[in-house]
$ cat structure_21.csv   # CSV, C-alpha atoms
chain,number,residue,atom,x,y,z
Z,1092,MET,CA,-9.2,55.6,86.0
Z,1093,ARG,CA,-7.3,57.9,83.6
Z,1094,LYS,CA,-8.1,57.8,79.9
Z,1095,ARG,CA,-4.5,56.8,79.2
Z,1096,ASP,CA,-4.9,53.7,81.5
Z,1097,VAL,CA,-8.1,52.7,79.7
Z,1098,TYR,CA,-6.2,52.7,76.4
Z,1099,ALA,CA,-3.4,50.7,77.9
Z,1100,ALA,CA,-5.9,48.2,79.3
Z,1101,ARG,CA,-7.5,47.9,75.8
Z,1102,ARG,CA,-4.1,47.2,74.3
Z,1103,MET,CA,-3.4,44.6,76.9
Z,1104,ALA,CA,-6.7,42.9,76.2
Z,1105,LEU,CA,-6.0,42.9,72.4
Z,1106,PHE,CA,-2.6,41.4,73.1
Z,1107,PHE,CA,-4.2,38.6,75.0
Z,1108,ILE,CA,-6.8,38.0,72.4
Z,1109,GLY,CA,-4.1,37.8,69.7
Z,1110,PHE,CA,-2.1,35.4,71.9
Z,1111,PHE,CA,-5.1,33.1,72.4
Z,1112,ALA,CA,-5.8,33.2,68.7
Z,1113,LEU,CA,-2.2,32.1,68.0
Z,1114,LEU,CA,-2.6,29.3,70.6
Z,1115,GLN,CA,-5.8,28.2,68.8
Z,1116,CYS,CA,-3.9,28.1,65.5
Z,1117,ALA,CA,-1.4,25.7,67.2
Z,1118,LEU,CA,-4.3,23.6,68.6
Z,1119,GLY,CA,-5.9,23.4,65.1
Z,1120,LEU,CA,-2.6,22.3,63.7
Z,1121,SER,CA,-2.3,19.6,66.3
Z,1122,LEU,CA,-5.8,18.4,65.5
Z,1123,ILE,CA,-4.8,18.1,61.8
Z,1124,LEU,CA,-1.5,16.4,62.6
Z,1125,GLY,CA,-3.3,14.2,65.2
Z,1126,GLN,CA,-4.6,12.2,62.3
Z,1127,SER,CA,-1.2,11.0,61.3
Z,1128,PRO,CA,0.4,7.9,63.0
Z,1129,GLN,CA,3.7,9.7,63.4
Z,1130,ALA,CA,2.1,12.5,65.3
Z,1131,MET,CA,0.3,10.0,67.5
Z,1132,GLN,CA,3.6,8.4,68.4
Z,1133,VAL,CA,5.0,11.8,69.4
Z,1134,TYR,CA,1.9,12.5,71.5
Z,1135,ALA,CA,2.2,9.1,73.2
Z,1136,ALA,CA,5.9,9.8,73.9
Z,1137,LEU,CA,5.1,13.1,75.4
Z,1138,ALA,CA,2.3,11.8,77.5
Z,1139,ARG,CA,4.2,8.8,78.8
Z,1140,PRO,CA,5.2,9.3,82.5
Z,1141,PRO,CA,9.0,9.5,82.9
Z,1142,PHE,CA,9.2,6.6,85.4
Z,1143,GLU,CA,6.9,3.7,85.2
Z,1144,LYS,CA,6.0,2.1,88.5
Z,1145,THR,CA,6.9,-1.6,88.9
Z,1146,ALA,CA,4.7,-4.3,90.3
Z,1147,ASN,CA,5.9,-3.6,93.9
Z,1148,ASN,CA,5.2,0.1,93.4
Z,1149,LYS,CA,8.9,1.0,93.3
Z,1150,THR,CA,10.4,3.2,90.8
Z,1151,PRO,CA,13.1,1.3,88.9
Z,1152,ASP,CA,16.6,2.7,89.0
Z,1153,ARG,CA,17.3,3.7,85.5
Z,1154,THR,CA,21.0,4.1,86.2
Z,1155,ASP,CA,21.3,0.5,87.2
Z,1156,GLN,CA,19.3,-0.6,84.3
Z,1157,ALA,CA,21.5,1.3,81.9
Z,1158,LEU,CA,24.7,0.1,83.5
Z,1159,SER,CA,23.6,-3.5,83.5
Z,1160,SER,CA,22.5,-3.3,79.8
Z,1161,PHE,CA,25.9,-1.7,79.0
Z,1162,VAL,CA,27.8,-4.5,80.8
Z,1163,THR,CA,25.8,-7.2,79.1
Z,1164,ALA,CA,26.3,-5.6,75.7
Z,1165,SER,CA,30.1,-5.2,76.3
Z,1166,ASN,CA,30.4,-8.8,77.4
Z,1167,ASN,CA,28.7,-9.9,74.2
Z,1168,ILE,CA,31.2,-8.1,72.0
Z,1169,THR,CA,33.2,-10.7,70.2
Z,1170,GLN,CA,36.8,-9.9,69.4
Z,1171,PRO,CA,37.2,-9.0,65.8
Z,1172,THR,CA,39.4,-11.3,63.9
Z,1173,SER,CA,42.3,-9.6,62.4
Z,1174,VAL,CA,42.6,-9.8,58.7
Z,1175,ILE,CA,46.3,-8.9,58.8
Z,1176,ALA,CA,48.5,-11.8,59.5
Z,1177,PRO,CA,50.8,-11.3,62.4
S,656,MET,CA,3.8,51.0,57.1
S,657,MET,CA,0.6,50.4,55.2
S,658,SER,CA,-2.4,51.4,57.3
S,659,TYR,CA,-5.3,49.1,57.7
S,660,TYR,CA,-7.7,52.0,57.9
S,661,ASN,CA,-6.9,53.5,54.5
S,662,THR,CA,-9.0,51.1,52.5
S,663,ARG,CA,-12.2,49.2,52.9
S,664,HIS,CA,-11.2,45.9,54.5
S,665,PRO,CA,-12.7,42.5,53.8
S,666,GLY,CA,-13.0,41.6,57.5
S,667,LEU,CA,-16.8,41.5,57.6
S,668,THR,CA,-17.0,39.3,54.5
S,669,ILE,CA,-14.4,36.9,55.9
S,670,TYR,CA,-16.3,36.8,59.3
S,671,CYS,CA,-19.6,36.0,57.5
S,672,ILE,CA,-18.0,33.3,55.4
S,673,LEU,CA,-16.2,31.7,58.4
S,674,THR,CA,-19.4,31.7,60.5
S,675,CYS,CA,-21.5,30.3,57.6
S,676,VAL,CA,-19.0,27.5,57.0
S,677,SER,CA,-18.7,26.7,60.7
S,678,VAL,CA,-22.4,26.4,61.2
S,679,ILE,CA,-23.1,24.4,58.1
S,680,PHE,CA,-20.1,22.1,58.7
S,681,LEU,CA,-21.1,21.4,62.4
S,682,THR,CA,-24.7,20.9,61.5
S,683,TYR,CA,-24.6,18.7,58.5
S,684,ALA,CA,-21.1,17.3,58.1
S,685,PRO,CA,-19.8,14.6,60.3
S,686,THR,CA,-17.1,15.9,62.7
S,687,GLN,CA,-13.6,15.0,61.6
S,688,ASN,CA,-10.5,16.1,63.5
S,689,TRP,CA,-8.7,17.5,60.4
S,690,SER,CA,-11.7,19.6,59.3
S,691,LEU,CA,-12.2,20.9,62.8
S,692,GLY,CA,-8.5,21.7,62.9
S,693,PHE,CA,-8.7,23.7,59.7
S,694,LEU,CA,-11.7,25.6,61.0
S,695,GLY,CA,-9.8,26.3,64.3
S,696,MET,CA,-6.8,27.5,62.4
S,697,ALA,CA,-8.9,29.7,60.1
S,698,TRP,CA,-10.7,31.3,63.1
S,699,GLY,CA,-7.4,31.7,65.0
S,700,GLY,CA,-5.8,33.5,62.1
S,701,PHE,CA,-8.8,35.7,61.5
S,702,ILE,CA,-9.1,36.7,65.2
S,703,PHE,CA,-5.3,37.3,65.3
S,704,PHE,CA,-5.4,39.7,62.4
S,705,ARG,CA,-8.6,41.4,63.7
S,706,ALA,CA,-6.9,42.1,67.0
S,707,LEU,CA,-3.8,43.3,65.1
S,708,SER,CA,-5.9,45.7,63.1
S,709,LEU,CA,-7.6,47.1,66.2
S,710,LEU,CA,-4.2,47.6,67.8
S,711,GLU,CA,-3.6,50.3,65.2
S,712,VAL,CA,-6.3,52.5,66.7
S,713,ALA,CA,-5.7,51.5,70.3
S,714,ASP,CA,-2.9,54.0,70.9
S,715,TYR,CA,-3.6,56.9,73.3
S,716,PRO,CA,-4.1,60.0,71.1
S,717,GLU,CA,-1.3,62.3,71.8
S,718,PRO,CA,-1.8,66.0,72.1
S,719,LEU,CA,-1.7,68.0,68.9
S,720,GLU,CA,1.5,69.9,69.7
S,721,GLY,CA,4.5,68.8,67.7
S,722,LEU,CA,2.4,67.2,64.9
S,723,ASN,CA,2.8,68.4,61.4
S,724,LEU,CA,-0.5,69.8,60.4
S,725,SER,CA,0.5,71.0,57.0
S,726,SER,CA,-0.6,69.3,53.9
S,727,LYS,CA,1.3,66.3,52.7
S,728,GLY,CA,3.8,67.0,50.0
S,729,SER,CA,5.8,70.2,49.5
S,730,THR,CA,3.4,72.0,47.2
S,731,GLN,CA,0.6,74.0,48.8
S,732,THR,CA,-1.4,74.4,45.6
S,733,LEU,CA,-5.2,74.2,45.9
S,734,PRO,CA,-5.9,70.9,44.1
S,735,THR,CA,-3.2,69.1,46.2
S,736,LEU,CA,-4.6,70.5,49.4
S,737,ALA,CA,-8.2,69.5,48.5
S,738,THR,CA,-7.1,66.0,47.5
S,739,ASP,CA,-5.1,65.7,50.7
S,740,LEU,CA,-8.0,66.9,52.9
S,741,LEU,CA,-10.4,64.4,51.2
S,742,SER,CA,-7.9,61.6,51.7
S,743,ARG,CA,-7.5,62.6,55.4
S,744,MET,CA,-11.2,62.7,55.9
S,745,ASP,CA,-11.6,59.3,54.3
S,746,GLY,CA,-8.9,57.9,56.6
S,747,ASN,CA,-10.5,59.6,59.5
S,748,ARG,CA,-13.9,57.9,58.8
S,749,ASN,CA,-12.3,54.5,58.7
S,750,MET,CA,-10.4,55.3,61.9
S,751,VAL,CA,-13.6,56.2,63.7
S,752,ARG,CA,-14.9,52.8,62.6
S,753,GLY,CA,-12.0,51.2,64.3
S,754,LEU,CA,-12.5,53.3,67.4
S,755,PHE,CA,-16.1,52.1,67.6
S,756,ALA,CA,-14.9,48.5,67.2
S,757,LEU,CA,-12.8,49.0,70.3
S,758,HIS,CA,-16.0,48.9,72.3
S,759,SER,CA,-15.6,45.1,72.0
S,760,VAL,CA,-12.8,45.2,74.6
S,761,HIS,CA,-15.1,46.8,77.2
S,762,THR,CA,-14.6,45.6,80.8
S,763,ARG,CA,-17.7,43.5,80.9
S,764,THR,CA,-16.7,41.7,77.7
S,765,ILE,CA,-13.2,41.0,79.0
S,766,LEU,CA,-14.8,39.7,82.2
S,767,TRP,CA,-17.0,37.4,80.1
S,768,PHE,CA,-13.9,35.9,78.5
S,769,CYS,CA,-12.1,35.6,81.8
S,770,ILE,CA,-15.1,33.7,83.3
S,771,ALA,CA,-15.2,31.5,80.2
S,772,LEU,CA,-11.4,30.8,80.6
S,773,VAL,CA,-11.7,29.9,84.3
S,774,ALA,CA,-14.7,27.7,83.7
S,775,PHE,CA,-12.9,25.9,80.8
S,776,PHE,CA,-9.8,25.2,83.0
S,777,TYR,CA,-12.1,24.0,85.8
S,778,GLU,CA,-13.8,21.7,83.3
S,779,ILE,CA,-10.4,20.3,82.3
S,780,TYR,CA,-9.6,19.8,86.0
S,781,THR,CA,-12.8,18.0,86.7
S,782,THR,CA,-13.0,15.8,83.6
S,783,LEU,CA,-9.4,15.0,82.7
S,784,HIS,CA,-8.0,14.7,86.2
S,785,PHE,CA,-4.6,15.7,84.6
S,786,ASP,CA,-4.3,12.3,83.1
S,787,PRO,CA,-2.4,12.8,79.9
S,788,ALA,CA,-3.0,10.5,77.0
S,789,GLU,CA,-3.2,11.1,73.3
S,790,THR,CA,-6.9,10.5,73.1
S,791,LYS,CA,-7.6,12.9,76.0
S,792,PHE,CA,-5.4,15.5,74.4
S,793,LEU,CA,-7.3,15.3,71.1
S,794,THR,CA,-10.6,15.5,73.0
S,795,LEU,CA,-9.3,18.6,74.8
S,796,ALA,CA,-8.2,20.2,71.5
S,797,GLN,CA,-11.6,19.5,70.0
S,798,ASN,CA,-13.5,21.0,72.9
S,799,ALA,CA,-11.1,24.0,73.0
S,800,THR,CA,-11.6,24.6,69.3
S,801,LEU,CA,-15.4,24.5,69.5
S,802,TYR,CA,-15.4,26.9,72.5
S,803,PHE,CA,-12.9,29.1,70.7
S,804,ILE,CA,-15.2,29.3,67.7
S,805,ILE,CA,-18.1,30.3,69.9
S,806,GLY,CA,-16.1,33.0,71.7
S,807,ALA,CA,-14.6,34.3,68.4
S,808,THR,CA,-18.0,34.6,66.9
S,809,PHE,CA,-19.2,36.5,69.9
S,810,TRP,CA,-16.2,38.9,70.0
S,811,ALA,CA,-15.8,39.5,66.3
S,812,GLY,CA,-19.5,40.1,66.0
S,813,GLN,CA,-19.2,43.0,68.5
S,814,THR,CA,-16.3,44.5,66.6
S,815,TYR,CA,-18.6,44.8,63.5
S,816,ALA,CA,-21.9,45.7,65.2
S,817,TYR,CA,-21.0,49.4,65.7
S,818,SER,CA,-22.7,50.4,62.5
S,819,ASN,CA,-26.5,50.5,62.1
S,820,ASN,CA,-26.3,49.0,58.6
S,821,VAL,CA,-23.9,46.3,59.5
S,822,SER,CA,-25.8,45.3,62.7
S,823,ARG,CA,-29.0,45.1,60.7
S,824,PHE,CA,-27.3,42.9,58.1
S,825,LEU,CA,-25.7,40.8,60.8
S,826,SER,CA,-29.1,40.3,62.6
S,827,ILE,CA,-30.7,39.0,59.5
S,828,PHE,CA,-27.6,36.9,58.7
S,829,PHE,CA,-27.5,35.3,62.1
S,830,LEU,CA,-31.3,34.7,62.2
S,831,ILE,CA,-31.0,32.8,58.9
S,832,LEU,CA,-28.0,30.8,60.4
S,833,LEU,CA,-30.0,30.1,63.5
S,834,GLY,CA,-32.8,28.7,61.4
S,835,VAL,CA,-30.3,26.6,59.4
S,836,ALA,CA,-28.7,25.3,62.7
S,837,PHE,CA,-32.1,24.7,64.3
S,838,LEU,CA,-33.6,22.7,61.4
S,839,PRO,CA,-32.1,19.3,62.4
S,840,HIS,CA,-33.4,19.8,66.0
S,841,VAL,CA,-37.0,20.3,65.1
S,842,GLY,CA,-38.2,16.8,65.9
S,843,LEU,CA,-35.8,16.3,68.8
S,844,ILE,CA,-37.0,18.8,71.4
S,845,ASP,CA,-37.6,16.8,74.5
S,846,LEU,CA,-39.4,18.9,77.1
S,847,SER,CA,-39.1,16.2,79.7
S,848,ASN,CA,-35.4,17.1,79.9
S,849,PHE,CA,-36.4,20.5,81.2
S,850,TRP,CA,-36.7,19.3,84.7
S,851,HIS,CA,-33.7,16.9,84.5
S,852,ILE,CA,-30.7,19.0,83.8
S,853,PRO,CA,-27.9,16.6,83.0
S,854,GLN,CA,-25.3,16.3,85.8
S,855,GLY,CA,-22.0,14.5,85.8
S,856,ASP,CA,-18.7,14.5,83.9
S,857,ASN,CA,-20.4,15.1,80.5
S,858,SER,CA,-22.2,18.3,81.5
S,859,SER,CA,-20.4,21.5,80.7
S,860,TYR,CA,-20.0,24.3,83.3
S,861,ILE,CA,-19.1,26.9,80.8
S,862,LEU,CA,-22.4,27.8,79.0
S,863,PRO,CA,-24.6,28.0,82.2
S,864,ILE,CA,-22.1,30.3,83.9
S,865,LEU,CA,-21.9,32.5,80.8
S,866,PHE,CA,-25.7,32.6,80.6
S,867,GLY,CA,-25.9,33.8,84.2
S,868,TYR,CA,-23.2,36.4,83.8
S,869,SER,CA,-24.6,37.7,80.6
S,870,PHE,CA,-28.1,38.1,82.2
S,871,LEU,CA,-26.5,40.0,85.1
S,872,ALA,CA,-24.4,42.2,82.9
S,873,LEU,CA,-27.4,43.2,80.8
S,874,LEU,CA,-29.3,44.5,83.9
S,875,PRO,CA,-27.6,47.9,84.2
S,876,ALA,CA,-28.6,48.7,80.7
S,877,TYR,CA,-32.3,48.8,81.6
S,878,ALA,CA,-31.7,51.9,83.6
S,879,LYS,CA,-29.7,53.7,81.0
S,880,GLY,CA,-32.5,54.7,78.6
S,881,ARG,CA,-35.1,53.3,76.2
S,882,ARG,CA,-32.8,52.4,73.4
S,883,TYR,CA,-30.4,50.5,75.7
S,884,ALA,CA,-33.3,48.8,77.4
S,885,MET,CA,-34.8,47.6,74.1
S,886,ASN,CA,-31.5,46.1,73.1
S,887,SER,CA,-31.1,44.4,76.5
S,888,ILE,CA,-34.6,43.0,76.3
S,889,VAL,CA,-33.9,41.5,72.8
S,890,GLY,CA,-30.6,40.2,74.2
S,891,SER,CA,-32.3,38.6,77.1
S,892,ILE,CA,-34.9,36.9,74.8
S,893,ILE,CA,-32.0,35.4,72.8
S,894,LEU,CA,-30.3,34.2,76.0
S,895,LEU,CA,-33.6,32.6,77.1
S,896,PHE,CA,-33.9,30.9,73.7
S,897,ILE,CA,-30.3,29.5,74.0
S,898,ILE,CA,-31.0,28.2,77.6
S,899,LEU,CA,-34.2,26.5,76.4
S,900,CYS,CA,-32.3,24.9,73.6
S,901,ALA,CA,-29.4,23.9,75.9
S,902,VAL,CA,-31.8,22.2,78.3
S,903,THR,CA,-34.2,20.5,75.9
S,904,LEU,CA,-31.9,19.4,73.0
S,905,PRO,CA,-29.5,16.5,73.0
S,906,GLN,CA,-25.9,17.5,73.2
S,907,GLY,CA,-23.6,17.0,70.2
S,908,THR,CA,-21.7,18.9,67.6
S,909,GLN,CA,-25.0,20.0,66.1
S,910,SER,CA,-25.8,21.9,69.3
S,911,TYR,CA,-22.4,23.8,68.9
S,912,ALA,CA,-23.6,25.1,65.5
S,913,LEU,CA,-26.7,26.4,67.3
S,914,TRP,CA,-24.5,28.1,70.0
S,915,ILE,CA,-22.4,29.8,67.3
S,916,ALA,CA,-25.3,31.3,65.5
S,917,ALA,CA,-27.1,32.3,68.8
S,918,TRP,CA,-24.0,33.9,70.4
S,919,GLY,CA,-23.3,35.7,67.2
S,920,LEU,CA,-26.8,37.1,67.2
S,921,PHE,CA,-26.5,38.0,70.9
S,922,SER,CA,-23.2,39.8,70.4
S,923,ILE,CA,-25.0,42.6,68.4
S,924,PHE,CA,-27.5,43.4,71.2
S,925,TRP,CA,-24.8,42.9,73.8
S,926,VAL,CA,-22.6,45.7,72.5
S,927,ARG,CA,-25.5,47.9,71.6
S,928,SER,CA,-27.0,47.6,75.1
S,929,GLU,CA,-23.8,49.2,76.4
S,930,ARG,CA,-22.8,51.9,74.0
S,931,SER,CA,-24.9,53.8,71.4
S,932,THR,CA,-23.7,53.8,67.8
S,933,ARG,CA,-24.5,57.4,67.1
S,934,LYS,CA,-22.0,59.0,64.8
S,935,ILE,CA,-19.3,61.2,66.4
S,936,TYR,CA,-16.9,63.0,64.1
S,937,ARG,CA,-13.5,63.6,65.5
S,938,LEU,CA,-10.2,64.5,63.8
S,939,HIS,CA,-7.6,61.9,64.4
S,940,LEU,CA,-4.2,62.9,63.0
S,941,THR,CA,-2.0,60.1,62.0
S,942,GLY,CA,1.1,62.2,61.6

$ encode --input "structure_21.csv" --output "structure tokens"
Amino acid sequence: MRKRDVYAARRMALFFIGFFALLQCALGLSLILGQSPQAMQVYAALARPPFEKTANNKTPDRTDQALSSFVTASNNITQPTSVIAP
Amino acid sequence: MMSYYNTRHPGLTIYCILTCVSVIFLTYAPTQNWSLGFLGMAWGGFIFFRALSLLEVADYPEPLEGLNLSSKGSTQTLPTLATDLLSRMDGNRNMVRGLFALHSVHTRTILWFCIALVAFFYEIYTTLHFDPAETKFLTLAQNATLYFIIGATFWAGQTYAYSNNVSRFLSIFFLILLGVAFLPHVGLIDLSNFWHIPQGDNSSYILPILFGYSFLALLPAYAKGRRYAMNSIVGSIILLFIILCAVTLPQGTQSYALWIAAWGLFSIFWVRSERSTRKIYRLHLTG
């Protein structure tokens, strides 16, 4: 191994050490923020699986759910009463 | 750009303060997430800046052609030249310190960290089963922080152990810390645990693997000469002490304080079993 390569390997090792140190800073920050309820909500939202399994082990179709809730909501809209006399 | 090696740096003082605070906190104060987080951030910042400072001397020294060897400043009068030479010699001395500190990125040390990293990820794989939940994440962050502090003490100790004076000071300092960390365990040593090494999800793979690797890595030093062999023997004795503590003492955050002090003490003999710290004077021109 040439001397120049040894120096390059040392620099690479130092870069990795610095990277892990920054990563540790982020972990430390997350430990501090982990005490607050808002941060716990964020963790819970991140950790939640994107599709919950139903009782019959089928993934619910989110598109249908969204459509049906939209239709239900639009049916419930009451016509606004006009304040201007015809 | 202001050079790190022009002045005496407070790195060793910060390192001692951080180690002292970590050991005392983990030994005597109840573990809180926020305080552990502050410790982790402080250690992360310290290691980042230590690595940054070593990057300054990690460049390959270019050949002397093309460099301006004349004295700084336009005047070539005798007092200016003498002052400039003295300044360069001072910078050179600090630079050599940095070059000695680069022994901490020796191949066997890098391999030590790679093994620790692989063992840590394997431990995550076996214990967490990739089941994300907020409590699991906080447990993971706690464990990672504690292991990082141990690794940081081990690595940063090597970067300062190049000097005879500093290594002597660090030996005494870590022996005192070891005593402080060991005090709460005095009545808790259970030799019956010696033959019943705990197995299962709670047992850590990292420390036993690192003990084994460190023992193996110290072996070549026995053939290198009397001074290296002496350092290896002392290092092996410290490792045996750590293993004895790991097997006979109950696990908990107090044991992590013991590991921090013990690995810090071991780091001095680890680096000195590989490379001598005799003084070599070279001229490093910084342009």

$ residues_around --input "structure_21.csv" --residues "Thr808 of chain S" --least-positions-apart "3" --cutoff "12 Å" --atoms "all atoms listed in the file" --output "mmCIF file with C-alpha atoms, keeping the file's coordinate frame"
data_model
loop_
_atom_site.group_PDB
_atom_site.id
_atom_site.type_symbol
_atom_site.label_atom_id
_atom_site.label_comp_id
_atom_site.auth_asym_id
_atom_site.auth_seq_id
_atom_site.Cartn_x
_atom_site.Cartn_y
_atom_site.Cartn_z
ATOM 1 C CA LEU S 667 -16.800 41.500 57.600
ATOM 2 C CA ILE S 669 -14.400 36.900 55.900
ATOM 3 C CA TYR S 670 -16.300 36.800 59.300
ATOM 4 C CA CYS S 671 -19.600 36.000 57.500
ATOM 5 C CA ILE S 672 -18.000 33.300 55.400
ATOM 6 C CA LEU S 673 -16.200 31.700 58.400
ATOM 7 C CA THR S 674 -19.400 31.700 60.500
ATOM 8 C CA CYS S 675 -21.500 30.300 57.600
ATOM 9 C CA SER S 677 -18.700 26.700 60.700
ATOM 10 C CA VAL S 678 -22.400 26.400 61.200
ATOM 11 C CA GLY S 695 -9.800 26.300 64.300
ATOM 12 C CA TRP S 698 -10.700 31.300 63.100
ATOM 13 C CA GLY S 699 -7.400 31.700 65.000
ATOM 14 C CA PHE S 701 -8.800 35.700 61.500
ATOM 15 C CA ILE S 702 -9.100 36.700 65.200
ATOM 16 C CA SER S 759 -15.600 45.100 72.000
ATOM 17 C CA LEU S 801 -15.400 24.500 69.500
ATOM 18 C CA TYR S 802 -15.400 26.900 72.500
ATOM 19 C CA PHE S 803 -12.900 29.100 70.700
ATOM 20 C CA ILE S 804 -15.200 29.300 67.700
ATOM 21 C CA ILE S 805 -18.100 30.300 69.900
ATOM 22 C CA ALA S 811 -15.800 39.500 66.300
ATOM 23 C CA GLY S 812 -19.500 40.100 66.000
ATOM 24 C CA GLN S 813 -19.200 43.000 68.500
ATOM 25 C CA THR S 814 -16.300 44.500 66.600
ATOM 26 C CA TYR S 815 -18.600 44.800 63.500
ATOM 27 C CA ALA S 816 -21.900 45.700 65.200
ATOM 28 C CA LEU S 825 -25.700 40.800 60.800
ATOM 29 C CA PHE S 829 -27.500 35.300 62.100
ATOM 30 C CA TYR S 911 -22.400 23.800 68.900
ATOM 31 C CA ALA S 912 -23.600 25.100 65.500
ATOM 32 C CA LEU S 913 -26.700 26.400 67.300
ATOM 33 C CA TRP S 914 -24.500 28.100 70.000
ATOM 34 C CA ILE S 915 -22.400 29.800 67.300
ATOM 35 C CA ALA S 916 -25.300 31.300 65.500
ATOM 36 C CA ALA S 917 -27.100 32.300 68.800
ATOM 37 C CA TRP S 918 -24.000 33.900 70.400
ATOM 38 C CA GLY S 919 -23.300 35.700 67.200
ATOM 39 C CA LEU S 920 -26.800 37.100 67.200
ATOM 40 C CA PHE S 921 -26.500 38.000 70.900
ATOM 41 C CA SER S 922 -23.200 39.800 70.400
ATOM 42 C CA ILE S 923 -25.000 42.600 68.400
#

$ atom_distance --input "structure_21.csv" --atom1 "atom CA of Leu757 of chain S" --atom2 "atom CA of Ala796 of chain S"
29.2 Å

$ residues_around --input "structure_21.csv" --residues "Phe1110 of chain Z" --least-positions-apart "5" --cutoff "12 Å" --atoms "all atoms listed in the file" --output "list in words"
Met1103, Ala1104, Leu1105, Gln1115, Cys1116 and Ala1117 of chain Z; Gly699, Gly700, Ile702, Phe703, Phe704, Ala706 and Leu707 of chain S

$ write_last_selection --input "structure_21.csv" --atoms "C-alpha atoms" --output "PDB file, keeping the file's coordinate frame"
ATOM      1  CA  MET Z1103      -3.400  44.600  76.900  1.00  0.00           C
ATOM      2  CA  ALA Z1104      -6.700  42.900  76.200  1.00  0.00           C
ATOM      3  CA  LEU Z1105      -6.000  42.900  72.400  1.00  0.00           C
ATOM      4  CA  GLN Z1115      -5.800  28.200  68.800  1.00  0.00           C
ATOM      5  CA  CYS Z1116      -3.900  28.100  65.500  1.00  0.00           C
ATOM      6  CA  ALA Z1117      -1.400  25.700  67.200  1.00  0.00           C
TER       7      ALA Z1117
ATOM      8  CA  GLY S 699      -7.400  31.700  65.000  1.00  0.00           C
ATOM      9  CA  GLY S 700      -5.800  33.500  62.100  1.00  0.00           C
ATOM     10  CA  ILE S 702      -9.100  36.700  65.200  1.00  0.00           C
ATOM     11  CA  PHE S 703      -5.300  37.300  65.300  1.00  0.00           C
ATOM     12  CA  PHE S 704      -5.400  39.700  62.400  1.00  0.00           C
ATOM     13  CA  ALA S 706      -6.900  42.100  67.000  1.00  0.00           C
ATOM     14  CA  LEU S 707      -3.800  43.300  65.100  1.00  0.00           C
TER      15      LEU S 707
END

$ interface_residues --input "structure_21.csv" --of "chain Z" --to "chain S" --cutoff "8 Å" --atoms "only C-alpha atoms" --output "PDB file with C-alpha atoms, in the frame of the given file"
ATOM      1  CA  ARG Z1095      -4.500  56.800  79.200  1.00  0.00           C
ATOM      2  CA  TYR Z1098      -6.200  52.700  76.400  1.00  0.00           C
ATOM      3  CA  ALA Z1099      -3.400  50.700  77.900  1.00  0.00           C
ATOM      4  CA  ARG Z1101      -7.500  47.900  75.800  1.00  0.00           C
ATOM      5  CA  ARG Z1102      -4.100  47.200  74.300  1.00  0.00           C
ATOM      6  CA  ALA Z1104      -6.700  42.900  76.200  1.00  0.00           C
ATOM      7  CA  LEU Z1105      -6.000  42.900  72.400  1.00  0.00           C
ATOM      8  CA  PHE Z1106      -2.600  41.400  73.100  1.00  0.00           C
ATOM      9  CA  ILE Z1108      -6.800  38.000  72.400  1.00  0.00           C
ATOM     10  CA  GLY Z1109      -4.100  37.800  69.700  1.00  0.00           C
ATOM     11  CA  PHE Z1110      -2.100  35.400  71.900  1.00  0.00           C
ATOM     12  CA  PHE Z1111      -5.100  33.100  72.400  1.00  0.00           C
ATOM     13  CA  ALA Z1112      -5.800  33.200  68.700  1.00  0.00           C
ATOM     14  CA  LEU Z1113      -2.200  32.100  68.000  1.00  0.00           C
ATOM     15  CA  LEU Z1114      -2.600  29.300  70.600  1.00  0.00           C
ATOM     16  CA  GLN Z1115      -5.800  28.200  68.800  1.00  0.00           C
ATOM     17  CA  CYS Z1116      -3.900  28.100  65.500  1.00  0.00           C
ATOM     18  CA  ALA Z1117      -1.400  25.700  67.200  1.00  0.00           C
ATOM     19  CA  LEU Z1118      -4.300  23.600  68.600  1.00  0.00           C
ATOM     20  CA  GLY Z1119      -5.900  23.400  65.100  1.00  0.00           C
ATOM     21  CA  LEU Z1120      -2.600  22.300  63.700  1.00  0.00           C
ATOM     22  CA  SER Z1121      -2.300  19.600  66.300  1.00  0.00           C
ATOM     23  CA  LEU Z1122      -5.800  18.400  65.500  1.00  0.00           C
ATOM     24  CA  ILE Z1123      -4.800  18.100  61.800  1.00  0.00           C
ATOM     25  CA  LEU Z1124      -1.500  16.400  62.600  1.00  0.00           C
ATOM     26  CA  GLY Z1125      -3.300  14.200  65.200  1.00  0.00           C
ATOM     27  CA  GLN Z1126      -4.600  12.200  62.300  1.00  0.00           C
ATOM     28  CA  MET Z1131       0.300  10.000  67.500  1.00  0.00           C
ATOM     29  CA  TYR Z1134       1.900  12.500  71.500  1.00  0.00           C
ATOM     30  CA  ALA Z1135       2.200   9.100  73.200  1.00  0.00           C
ATOM     31  CA  ALA Z1138       2.300  11.800  77.500  1.00  0.00           C
ATOM     32  CA  ARG Z1139       4.200   8.800  78.800  1.00  0.00           C
TER      33      ARG Z1139
END
